[in-house]
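As stored in work.pdb (PDB, C-alpha atoms):
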```pdb
ATOM      1  CA  MET A 278      -4.829 -40.620  17.112
ATOM      2  CA  THR A 279      -5.885 -38.338  19.885
ATOM      3  CA  GLN A 280      -5.214 -34.674  19.914
ATOM      4  CA  LEU A 281      -3.460 -33.367  22.944
ATOM      5  CA  PRO A 282      -5.272 -30.578  24.747
ATOM      6  CA  ILE A 283      -3.528 -27.248  24.302
ATOM      7  CA  GLU A 284      -2.879 -25.296  27.438
ATOM      8  CA  LYS A 285      -3.835 -21.675  27.209
ATOM      9  CA  LYS A 286      -1.021 -19.572  28.600
ATOM     10  CA  THR A 287      -1.364 -16.219  30.243
ATOM     11  CA  LEU A 288       1.242 -13.602  29.485
ATOM     12  CA  PHE A 289       1.463 -11.076  32.282
ATOM     13  CA  PHE A 290       3.177  -7.762  31.727
ATOM     14  CA  PRO A 291       3.899  -5.837  34.910
ATOM     15  CA  ASP A 292       5.599  -2.820  33.337
ATOM     16  CA  ARG A 293       6.211  -0.999  30.096
ATOM     17  CA  ARG A 294       8.697  -3.529  28.815
ATOM     18  CA  TYR A 295       5.848  -5.035  26.802
ATOM     19  CA  ILE A 296       6.479  -2.287  24.230
ATOM     20  CA  LEU A 297       9.800  -3.877  23.358
ATOM     21  CA  PHE A 298       8.355  -7.391  23.458
ATOM     22  CA  PHE A 299       5.528  -6.705  21.035
ATOM     23  CA  SER A 300       7.465  -4.477  18.656
ATOM     24  CA  THR A 301      10.184  -7.114  18.345
ATOM     25  CA  LEU A 302       7.579  -9.869  17.916
ATOM     26  CA  ALA A 303       5.875  -7.893  15.147
ATOM     27  CA  ALA A 304       9.220  -7.209  13.501
ATOM     28  CA  VAL A 305      10.122 -10.911  13.578
ATOM     29  CA  PHE A 306       6.762 -11.781  12.008
ATOM     30  CA  SER A 307       7.166  -9.275   9.196
ATOM     31  CA  PHE A 308      10.780 -10.355   8.652
ATOM     32  CA  ILE A 309       9.615 -13.964   8.295
ATOM     33  CA  GLU A 310       7.052 -12.773   5.792
ATOM     34  CA  SER A 311       9.625 -10.825   3.829
ATOM     35  CA  ILE A 312      11.631 -14.000   3.149
ATOM     36  CA  LEU A 313       8.579 -16.056   2.129
ATOM     37  CA  PRO A 314       7.799 -16.242  -1.602
ATOM     38  CA  LYS A 315       5.103 -13.835  -2.762
ATOM     39  CA  PRO A 316       2.835 -13.976  -5.829
ATOM     40  CA  PHE A 317       3.542 -10.304  -6.602
ATOM     41  CA  LEU A 318       6.216  -8.126  -5.116
ATOM     42  CA  PHE A 319       4.002  -5.737  -3.186
ATOM     43  CA  ILE A 320       1.132  -8.029  -2.212
ATOM     44  CA  LYS A 321       1.638  -9.531   1.225
ATOM     45  CA  ILE A 322      -0.645 -10.583   4.035
ATOM     46  CA  GLY A 323       0.929  -8.425   6.712
ATOM     47  CA  LEU A 324       1.780 -10.989   9.348
ATOM     48  CA  GLY A 325       3.582  -8.272  11.276
ATOM     49  CA  TYR A 326       0.258  -6.737  12.205
ATOM     50  CA  ILE A 327      -0.953  -9.843  14.075
ATOM     51  CA  PRO A 328       0.810  -8.982  17.390
ATOM     52  CA  ILE A 329      -0.341  -5.392  16.938
ATOM     53  CA  LEU A 330      -3.953  -6.537  16.513
ATOM     54  CA  LEU A 331      -3.662  -8.641  19.676
ATOM     55  CA  ILE A 332      -2.939  -5.588  21.816
ATOM     56  CA  ILE A 333      -4.828  -2.875  19.948
ATOM     57  CA  ASP A 334      -7.758  -2.649  22.364
ATOM     58  CA  LYS A 335      -5.734  -3.301  25.507
ATOM     59  CA  VAL A 336      -2.978  -0.680  25.586
ATOM     60  CA  ASP A 337      -2.892   3.103  25.675
ATOM     61  CA  TYR A 338      -2.323   5.523  22.832
ATOM     62  CA  LEU A 339       1.377   6.387  23.117
ATOM     63  CA  PRO A 340       2.611   2.811  23.778
ATOM     64  CA  PHE A 341       0.672   1.644  20.724
ATOM     65  CA  ILE A 342       2.224   4.305  18.493
ATOM     66  CA  SER A 343       5.715   3.465  19.711
ATOM     67  CA  ILE A 344       5.102  -0.242  19.056
ATOM     68  CA  VAL A 345       3.971   0.408  15.481
ATOM     69  CA  LEU A 346       6.880   2.724  14.704
ATOM     70  CA  LEU A 347       9.449   0.479  16.380
ATOM     71  CA  LYS A 348       8.106  -2.455  14.380
ATOM     72  CA  SER A 349       9.004  -0.886  11.038
ATOM     73  CA  ILE A 350      12.371   0.368  12.298
ATOM     74  CA  ILE A 351      13.369  -3.026  13.743
ATOM     75  CA  THR A 352      12.179  -4.781  10.565
ATOM     76  CA  GLY A 353      14.370  -2.398   8.601
ATOM     77  CA  ILE A 354      17.368  -3.306  10.744
ATOM     78  CA  PHE A 355      16.660  -7.062  10.409
ATOM     79  CA  ALA A 356      16.097  -7.029   6.669
ATOM     80  CA  GLY A 357      18.684  -4.367   5.899
ATOM     81  CA  THR A 358      16.194  -2.061   4.227
ATOM     82  CA  LEU A 359      16.000   0.683   6.849
ATOM     83  CA  PHE A 360      17.305   3.588   4.767
ATOM     84  CA  SER A 361      16.144   2.272   1.418
ATOM     85  CA  PHE A 362      12.953   2.818  -0.494
ATOM     86  CA  THR A 363      11.282  -0.259   1.022
ATOM     87  CA  GLY A 364      12.013   0.868   4.568
ATOM     88  CA  LEU A 365      10.617   4.321   3.797
ATOM     89  CA  LEU A 366       7.411   2.772   2.447
ATOM     90  CA  SER A 367       7.156   0.633   5.581
ATOM     91  CA  ILE A 368       7.427   3.708   7.826
ATOM     92  CA  VAL A 369       4.807   5.541   5.743
ATOM     93  CA  GLY A 370       2.530   2.505   6.130
ATOM     94  CA  SER A 371       3.030   2.662   9.898
ATOM     95  CA  LEU A 372       1.990   6.319   9.830
ATOM     96  CA  GLY A 373      -1.197   5.310   8.009
ATOM     97  CA  CYS A 374      -1.828   2.693  10.674
ATOM     98  CA  ILE A 375      -1.389   5.343  13.390
ATOM     99  CA  VAL A 376      -3.827   7.709  11.643
ATOM    100  CA  ALA A 377      -6.447   4.947  11.423
ATOM    101  CA  TYR A 378      -5.910   4.118  15.109
ATOM    102  CA  SER A 379      -6.319   7.779  16.048
ATOM    103  CA  LEU A 380      -9.637   7.903  14.180
ATOM    104  CA  ILE A 381     -11.105   4.947  16.073
ATOM    105  CA  TYR A 382      -9.321   5.417  19.418
ATOM    106  CA  PHE A 383     -12.306   6.688  21.399
ATOM    107  CA  PHE A 384     -14.807   4.043  20.342
ATOM    108  CA  ILE A 385     -12.487   1.096  19.816
ATOM    109  CA  LYS A 386     -14.409  -1.002  22.387
ATOM    110  CA  LYS A 387     -17.501  -0.875  20.176
ATOM    111  CA  LEU A 388     -15.706  -2.291  17.131
ATOM    112  CA  SER A 389     -14.959  -5.879  16.220
ATOM    113  CA  ARG A 390     -11.450  -7.115  15.545
ATOM    114  CA  VAL A 391     -12.278  -7.819  11.894
ATOM    115  CA  SER A 392     -13.341  -4.274  11.086
ATOM    116  CA  ILE A 393     -10.391  -2.757  12.955
ATOM    117  CA  SER A 394      -8.008  -4.960  10.989
ATOM    118  CA  ILE A 395      -9.628  -4.075   7.653
ATOM    119  CA  LEU A 396      -9.467  -0.356   8.449
ATOM    120  CA  LEU A 397      -5.802  -0.550   9.441
ATOM    121  CA  ALA A 398      -4.945  -2.493   6.274
ATOM    122  CA  ILE A 399      -6.759   0.012   4.055
ATOM    123  CA  PHE A 400      -5.143   3.055   5.658
ATOM    124  CA  THR A 401      -1.693   1.477   5.530
ATOM    125  CA  ASN A 402      -2.030   0.712   1.838
ATOM    126  CA  ILE A 403      -3.618   4.064   0.937
ATOM    127  CA  PHE A 404      -0.830   5.999   2.636
ATOM    128  CA  GLN A 405       1.757   3.917   0.807
ATOM    129  CA  LEU A 406      -0.014   4.403  -2.529
ATOM    130  CA  ILE A 407      -0.368   8.178  -2.092
ATOM    131  CA  PHE A 408       3.247   8.506  -1.000
ATOM    132  CA  TYR A 409       4.398   6.406  -3.946
ATOM    133  CA  SER A 410       2.330   8.246  -6.558
ATOM    134  CA  TYR A 411       2.986  11.802  -5.336
ATOM    135  CA  PHE A 412       6.565  11.710  -4.143
ATOM    136  CA  ILE A 413       8.298   8.914  -6.023
ATOM    137  CA  ILE A 414       6.855   8.563  -9.516
ATOM    138  CA  LYS A 415       4.987  11.931  -9.394
ATOM    139  CA  ASP A 416       2.050  10.694 -11.441
ATOM    140  CA  TYR A 417      -1.355  10.739  -9.790
ATOM    141  CA  ASN A 418      -2.829   8.439 -12.453
ATOM    142  CA  LEU A 419      -1.644   5.610 -10.208
ATOM    143  CA  LEU A 420      -4.436   6.485  -7.765
ATOM    144  CA  LYS A 421      -6.837   4.896 -10.238
ATOM    145  CA  ILE A 422      -5.876   1.477  -8.868
ATOM    146  CA  LEU A 423      -7.189   2.473  -5.424
ATOM    147  CA  PRO A 424     -10.303   0.228  -5.621
ATOM    148  CA  LEU A 425      -8.116  -2.779  -6.437
ATOM    149  CA  VAL A 426      -5.760  -1.934  -3.573
ATOM    150  CA  ASN A 427      -8.751  -1.618  -1.242
ATOM    151  CA  LEU A 428     -10.074  -5.007  -2.312
ATOM    152  CA  ILE A 429      -6.699  -6.610  -1.563
ATOM    153  CA  SER A 430      -6.554  -4.774   1.780
ATOM    154  CA  ILE A 431      -9.980  -6.081   2.763
ATOM    155  CA  ILE A 432      -8.925  -9.674   2.026
ATOM    156  CA  THR A 433      -5.569  -9.417   3.801
ATOM    157  CA  GLY A 434      -7.042  -7.519   6.756
ATOM    158  CA  PHE A 435      -9.686 -10.209   7.153
ATOM    159  CA  ILE A 436      -7.076 -12.986   7.125
ATOM    160  CA  THR A 437      -4.846 -11.292   9.736
ATOM    161  CA  SER A 438      -7.823 -10.607  11.996
ATOM    162  CA  LEU A 439      -8.905 -14.268  11.775
ATOM    163  CA  ILE A 440      -5.418 -15.429  12.759
ATOM    164  CA  SER A 441      -5.251 -13.006  15.693
ATOM    165  CA  ILE A 442      -8.712 -14.041  16.933
ATOM    166  CA  GLN A 443      -7.699 -17.710  16.787
ATOM    167  CA  ILE A 444      -4.472 -17.030  18.701
ATOM    168  CA  GLU A 445      -6.354 -15.158  21.385
ATOM    169  CA  GLU A 446      -9.090 -17.779  21.684
ATOM    170  CA  LYS A 447      -6.870 -20.842  21.787
ATOM    171  CA  TYR A 448      -3.288 -20.135  22.749
ATOM    172  CA  ILE A 449      -2.504 -17.051  24.789
ATOM    173  CA  GLU A 450      -4.184 -14.583  27.046
ATOM    174  CA  LEU A 451      -2.720 -11.159  27.640
ATOM    175  CA  ASP A 452      -2.843  -9.457  31.006
ATOM    176  CA  PHE A 453      -2.224  -5.734  31.152
ATOM    177  CA  GLU A 454      -4.323  -5.039  34.219
ATOM    178  CA  ASN A 455      -1.829  -3.017  36.179
ATOM    179  CA  LEU A 456      -1.176  -0.670  33.310
ATOM    180  CA  LYS A 457      -4.620   0.778  32.769
ATOM    181  CA  ASN A 458      -5.128   4.133  34.446
ATOM    182  CA  LYS A 459      -1.913   3.878  36.425
ATOM    183  CA  LYS A 460       1.404   5.549  36.022
ATOM    184  CA  ILE A 461       4.158   3.036  36.573
ATOM    185  CA  LYS A 462       7.789   3.983  36.515
ATOM    186  CA  ILE A 463      10.200   1.553  34.920
ATOM    187  CA  LYS A 464      12.668   0.223  37.448
ATOM    188  CA  LYS A 465      16.257   0.217  36.349
ATOM    189  CA  LEU A 466      17.703  -3.237  35.874
ATOM    190  CA  LYS A 467      20.756  -3.900  37.988
TER     191      LYS A 467
ATOM    192  CA  MET B 249     -18.865 -19.059  21.734
ATOM    193  CA  LYS B 250     -20.560 -15.731  22.247
ATOM    194  CA  LYS B 251     -17.201 -14.084  22.694
ATOM    195  CA  ILE B 252     -16.014 -15.279  19.285
ATOM    196  CA  ALA B 253     -19.150 -14.030  17.577
ATOM    197  CA  LYS B 254     -18.666 -10.662  19.216
ATOM    198  CA  SER B 255     -15.215 -10.264  17.783
ATOM    199  CA  PHE B 256     -16.545 -10.838  14.266
ATOM    200  CA  PHE B 257     -19.299  -8.236  14.277
ATOM    201  CA  ARG B 258     -20.435  -5.403  16.507
ATOM    202  CA  LYS B 259     -22.760  -2.498  15.831
ATOM    203  CA  GLY B 260     -19.985   0.075  15.512
ATOM    204  CA  ASP B 261     -18.600  -1.819  12.529
ATOM    205  CA  LEU B 262     -21.266  -0.359  10.275
ATOM    206  CA  ILE B 263     -19.513   3.041  10.459
ATOM    207  CA  ILE B 264     -16.198   1.445   9.526
ATOM    208  CA  TYR B 265     -17.684  -0.436   6.577
ATOM    209  CA  PHE B 266     -19.405   2.751   5.391
ATOM    210  CA  LEU B 267     -16.053   4.553   5.581
ATOM    211  CA  VAL B 268     -14.380   1.733   3.640
ATOM    212  CA  ILE B 269     -16.984   1.911   0.857
ATOM    213  CA  LEU B 270     -16.626   5.704   0.729
ATOM    214  CA  ILE B 271     -12.840   5.455   0.372
ATOM    215  CA  THR B 272     -13.227   2.829  -2.354
ATOM    216  CA  ILE B 273     -15.557   4.918  -4.530
ATOM    217  CA  LEU B 274     -13.712   8.189  -3.843
ATOM    218  CA  PRO B 275     -11.506   8.035  -6.984
ATOM    219  CA  PHE B 276     -14.630   7.838  -9.144
ATOM    220  CA  LEU B 277     -16.097  10.931  -7.485
ATOM    221  CA  LEU B 278     -13.093  13.164  -8.040
ATOM    222  CA  PRO B 279     -13.492  14.880 -11.437
ATOM    223  CA  GLU B 280      -9.764  15.108 -12.143
ATOM    224  CA  LEU B 281      -9.351  11.372 -12.128
ATOM    225  CA  THR B 282     -12.358  10.506 -14.279
ATOM    226  CA  ILE B 283     -11.228  12.320 -17.405
ATOM    227  CA  LYS B 284     -11.614  10.291 -20.540
ATOM    228  CA  SER B 285      -9.687  11.715 -23.461
ATOM    229  CA  ASN B 286     -10.924  11.568 -27.008
ATOM    230  CA  PRO B 287      -8.098  11.772 -29.563
ATOM    231  CA  ASP B 288     -10.188  13.885 -31.981
ATOM    232  CA  ASN B 289     -10.725  16.631 -29.415
ATOM    233  CA  LEU B 290      -7.103  16.982 -28.429
ATOM    234  CA  ASP B 291      -5.475  20.359 -28.588
ATOM    235  CA  LEU B 292      -2.581  19.320 -30.778
ATOM    236  CA  ASN B 293      -0.521  22.420 -30.030
ATOM    237  CA  LYS B 294      -0.176  21.348 -26.433
ATOM    238  CA  THR B 295       0.174  17.601 -27.032
ATOM    239  CA  TYR B 296       3.606  16.296 -27.886
ATOM    240  CA  VAL B 297       5.709  13.183 -27.680
ATOM    241  CA  GLU B 298       8.419  13.160 -25.069
ATOM    242  CA  ILE B 299      11.292  10.721 -25.507
ATOM    243  CA  ASP B 300      13.512  10.157 -22.516
ATOM    244  CA  TYR B 301      16.650   8.317 -23.653
ATOM    245  CA  ASN B 302      19.611   7.742 -21.314
ATOM    246  CA  GLY B 303      18.496  10.631 -19.113
ATOM    247  CA  ASN B 304      18.161  13.173 -21.952
ATOM    248  CA  LYS B 305      14.700  14.436 -22.868
ATOM    249  CA  TYR B 306      13.611  15.221 -26.422
ATOM    250  CA  SER B 307      10.186  16.396 -27.562
ATOM    251  CA  TYR B 308       8.514  15.882 -30.941
ATOM    252  CA  SER B 309       5.240  17.043 -32.453
ATOM    253  CA  LEU B 310       2.494  14.451 -32.577
ATOM    254  CA  SER B 311       0.755  15.870 -35.652
ATOM    255  CA  GLU B 312       3.484  15.292 -38.246
ATOM    256  CA  ASN B 313       4.492  11.824 -39.389
ATOM    257  CA  GLN B 314       8.133  11.079 -38.717
ATOM    258  CA  THR B 315      10.561   8.398 -37.639
ATOM    259  CA  ILE B 316      13.170   8.948 -34.955
ATOM    260  CA  THR B 317      16.286   6.791 -34.833
ATOM    261  CA  LEU B 318      18.267   6.303 -31.662
ATOM    262  CA  LYS B 319      21.384   4.297 -30.727
ATOM    263  CA  ASN B 320      22.843   4.502 -34.277
ATOM    264  CA  GLY B 321      19.680   3.153 -35.896
ATOM    265  CA  LEU B 322      19.096   0.185 -33.605
ATOM    266  CA  ILE B 323      15.977   1.775 -32.067
ATOM    267  CA  ILE B 324      13.315   3.274 -34.322
ATOM    268  CA  VAL B 325      10.391   5.268 -32.909
ATOM    269  CA  GLU B 326       7.603   5.975 -35.371
ATOM    270  CA  ILE B 327       5.020   8.787 -35.180
ATOM    271  CA  LYS B 328       2.135   8.283 -37.591
ATOM    272  CA  ASP B 329      -1.506   9.466 -37.683
ATOM    273  CA  LYS B 330      -1.262  11.044 -34.177
ATOM    274  CA  LYS B 331      -0.038   7.726 -32.759
ATOM    275  CA  VAL B 332       3.385   6.623 -31.563
ATOM    276  CA  ARG B 333       5.084   3.250 -31.381
ATOM    277  CA  VAL B 334       8.522   1.727 -31.024
ATOM    278  CA  LYS B 335       8.985   0.089 -34.398
ATOM    279  CA  GLN B 336      12.285  -1.631 -33.816
ATOM    280  CA  SER B 337      14.519  -2.244 -30.841
ATOM    281  CA  ASP B 338      17.546  -4.375 -30.025
ATOM    282  CA  CYS B 339      16.409  -5.366 -26.540
ATOM    283  CA  PRO B 340      16.036  -9.133 -25.813
ATOM    284  CA  ASP B 341      12.331  -9.356 -24.897
ATOM    285  CA  LYS B 342      10.938  -6.708 -27.292
ATOM    286  CA  ILE B 343       8.348  -5.596 -24.721
ATOM    287  CA  CYS B 344       8.453  -2.024 -26.043
ATOM    288  CA  VAL B 345       7.711  -3.242 -29.600
ATOM    289  CA  LYS B 346       4.884  -5.522 -28.432
ATOM    290  CA  ARG B 347       3.258  -2.587 -26.596
ATOM    291  CA  GLY B 348       2.062  -1.310 -29.964
ATOM    292  CA  TRP B 349       0.593   2.107 -30.699
ATOM    293  CA  ILE B 350      -0.178   4.690 -28.019
ATOM    294  CA  GLU B 351      -2.333   7.750 -28.681
ATOM    295  CA  LYS B 352      -3.700   9.273 -25.473
ATOM    296  CA  PRO B 353      -1.909  11.722 -23.172
ATOM    297  CA  GLY B 354      -0.556   9.920 -20.142
ATOM    298  CA  GLN B 355       0.200   6.675 -21.961
ATOM    299  CA  PHE B 356       3.808   5.584 -22.241
ATOM    300  CA  ILE B 357       6.131   2.908 -23.591
ATOM    301  CA  ILE B 358       9.089   1.843 -21.514
ATOM    302  CA  CYS B 359      12.129  -0.111 -22.658
ATOM    303  CA  MET B 360      14.166  -1.009 -19.609
ATOM    304  CA  PRO B 361      17.341  -2.438 -21.252
ATOM    305  CA  ASN B 362      17.796   0.683 -23.379
ATOM    306  CA  LYS B 363      16.673   3.171 -20.657
ATOM    307  CA  LEU B 364      14.041   4.535 -23.041
ATOM    308  CA  ILE B 365      10.692   6.114 -22.140
ATOM    309  CA  VAL B 366       8.312   7.302 -24.860
ATOM    310  CA  LYS B 367       5.462   9.326 -23.368
ATOM    311  CA  ILE B 368       2.610  11.422 -24.723
ATOM    312  CA  VAL B 369       2.364  14.666 -22.754
ATOM    313  CA  GLY B 370      -0.569  17.030 -23.006
ATOM    314  CA  ASN B 371      -3.707  18.484 -21.554
ATOM    315  CA  GLU B 372      -6.724  16.259 -21.594
ATOM    316  CA  GLN B 373     -10.050  17.797 -22.538
ATOM    317  CA  TYR B 374     -13.227  16.963 -20.734
ATOM    318  CA  ASP B 375     -15.432  14.488 -22.501
ATOM    319  CA  SER B 376     -17.792  14.071 -19.596
ATOM    320  CA  ILE B 377     -17.699  14.873 -15.901
ATOM    321  CA  THR B 378     -19.436  12.748 -13.318
ATOM    322  CA  TYR B 379     -20.401  14.130  -9.950
TER     323      TYR B 379
END
```

Could you write out this structure as structure tokens?
Amino acid sequence: MTQLPIEKKTLFFPDRRYILFFSTLAAVFSFIESILPKPFLFIKIGLGYIPILLIIDKVDYLPFISIVLLKSIITGIFAGTLFSFTGLLSIVGSLGCIVAYSLIYFFIKKLSRVSISILLAIFTNIFQLIFYSYFIIKDYNLLKILPLVNLISIITGFITSLISIQIEEKYIELDFENLKNKKIKIKKLK
Amino acid sequence: MKKIAKSFFRKGDLIIYFLVILITILPFLLPELTIKSNPDNLDLNKTYVEIDYNGNKYSYSLSENQTITLKNGLIIVEIKDKKVRVKQSDCPDKICVKRGWIEKPGQFIICMPNKLIVKIVGNEQYDSITY
């Protein structure tokens, strides 16, 4: 049995419509994850962050933030949890992701994908934990499980970064060339 | 092949990993979170048992031995020797009964079917502080 060679495809994005593409892709990934069985209710790999990791060192600051926020909002609409407790936690996690991205924005080219992914996972989970312990159950004793949460974040962040590296090496190549350092106006569709 | 190796480790990662380790050991460095309470040193005037049943809160002294009956005698909460337990309950799984005795402030027993929370509330005294 011979394995067919896989063609590597190039995705070219001429304008800002890639924001919608990637936020919807991330939302679909996290929706798929939400219907998969989980060992514990709140432990999940975070498949939704794979498309976000693919573009993290290629796009600008504001598009990235809008992708991350749109991801949690669209997931909420898909799964029907937008205005519930789960949707709120998801948005808080996105805020944590944005804070981590802001911290590393200026030297992101000097970091590897694995460490970026681990940092994003840790900040997402820490923000969710702090929000949960201070505003929902109002008991800061819950912060004692922070080392355990960090350990889980390191494992899950490592797995997502491995998947995103494999996708980028074998299957698709992203082309954002026209977007860097250029202001492009979106043409209205007729 | 070089490209793959580069996406696994670069020099700037050391800062990130240092930050990750710092965040992980942070809870142990904060003094408020490392309090270990010793039941003998407790200020008993400020420590009491709080029972939250069906949304109503009742408080009882921890120092005197007593039994509290709820739901017409189906639930019995016992306070004895500065410890609390749920002695009897009519819930199906008996998780609250299996929890056993609690004695330190911050510990609690929860019985979901009966909407019951038994909690020890009080100030914890410093046994040791780590910096």

> Please, what distance in Å, to one decimal, runs between atom CA of Tyr308 of chain B and atom CA of Cys359 of chain B?
Replying inline: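 Straight-line distance from atom CA of Tyr308 of chain B to atom CA of Cys359 of chain B works out to 18.4 Å.
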
> For this file, the PyMOL selection byres ((chain A) within 8 of (chain B)) selects which residues, as a VMD selection string?
Replying inline: chain A and resid 387 to 393 396 399 418 420 to 421 423 to 424 427 442 446

>> Can you spell out as an MDAnalysis selection string the set of residues that the PyMOL selection byres ((chain B and resi 337) around 6) selects in the structure I just provided?
In response: chainID B and resid 322:323 336 338:339

> What does the distance between atom CA of Leu331 of chain A and atom CA of Leu270 of chain B come to in Å, to one decimal place?
Replying inline: 27.1 Å

>> With all atoms listed in the file as the counted atoms, please give the residues lying no more than 6 Å from Ile365 of chain B, apart from itself and same-chain residues fewer than 5 positions off, as a list in words.
In response: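 Residues near the query, excluding close chain neighbours: Ile299, Asp300, Ile357 and Ile358 of chain B.
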
> Just how far from atom CA of Phe383 of chain A is atom CA of Tyr326 of chain A, in Å to one decimal?
Replying inline: 20.6 Å
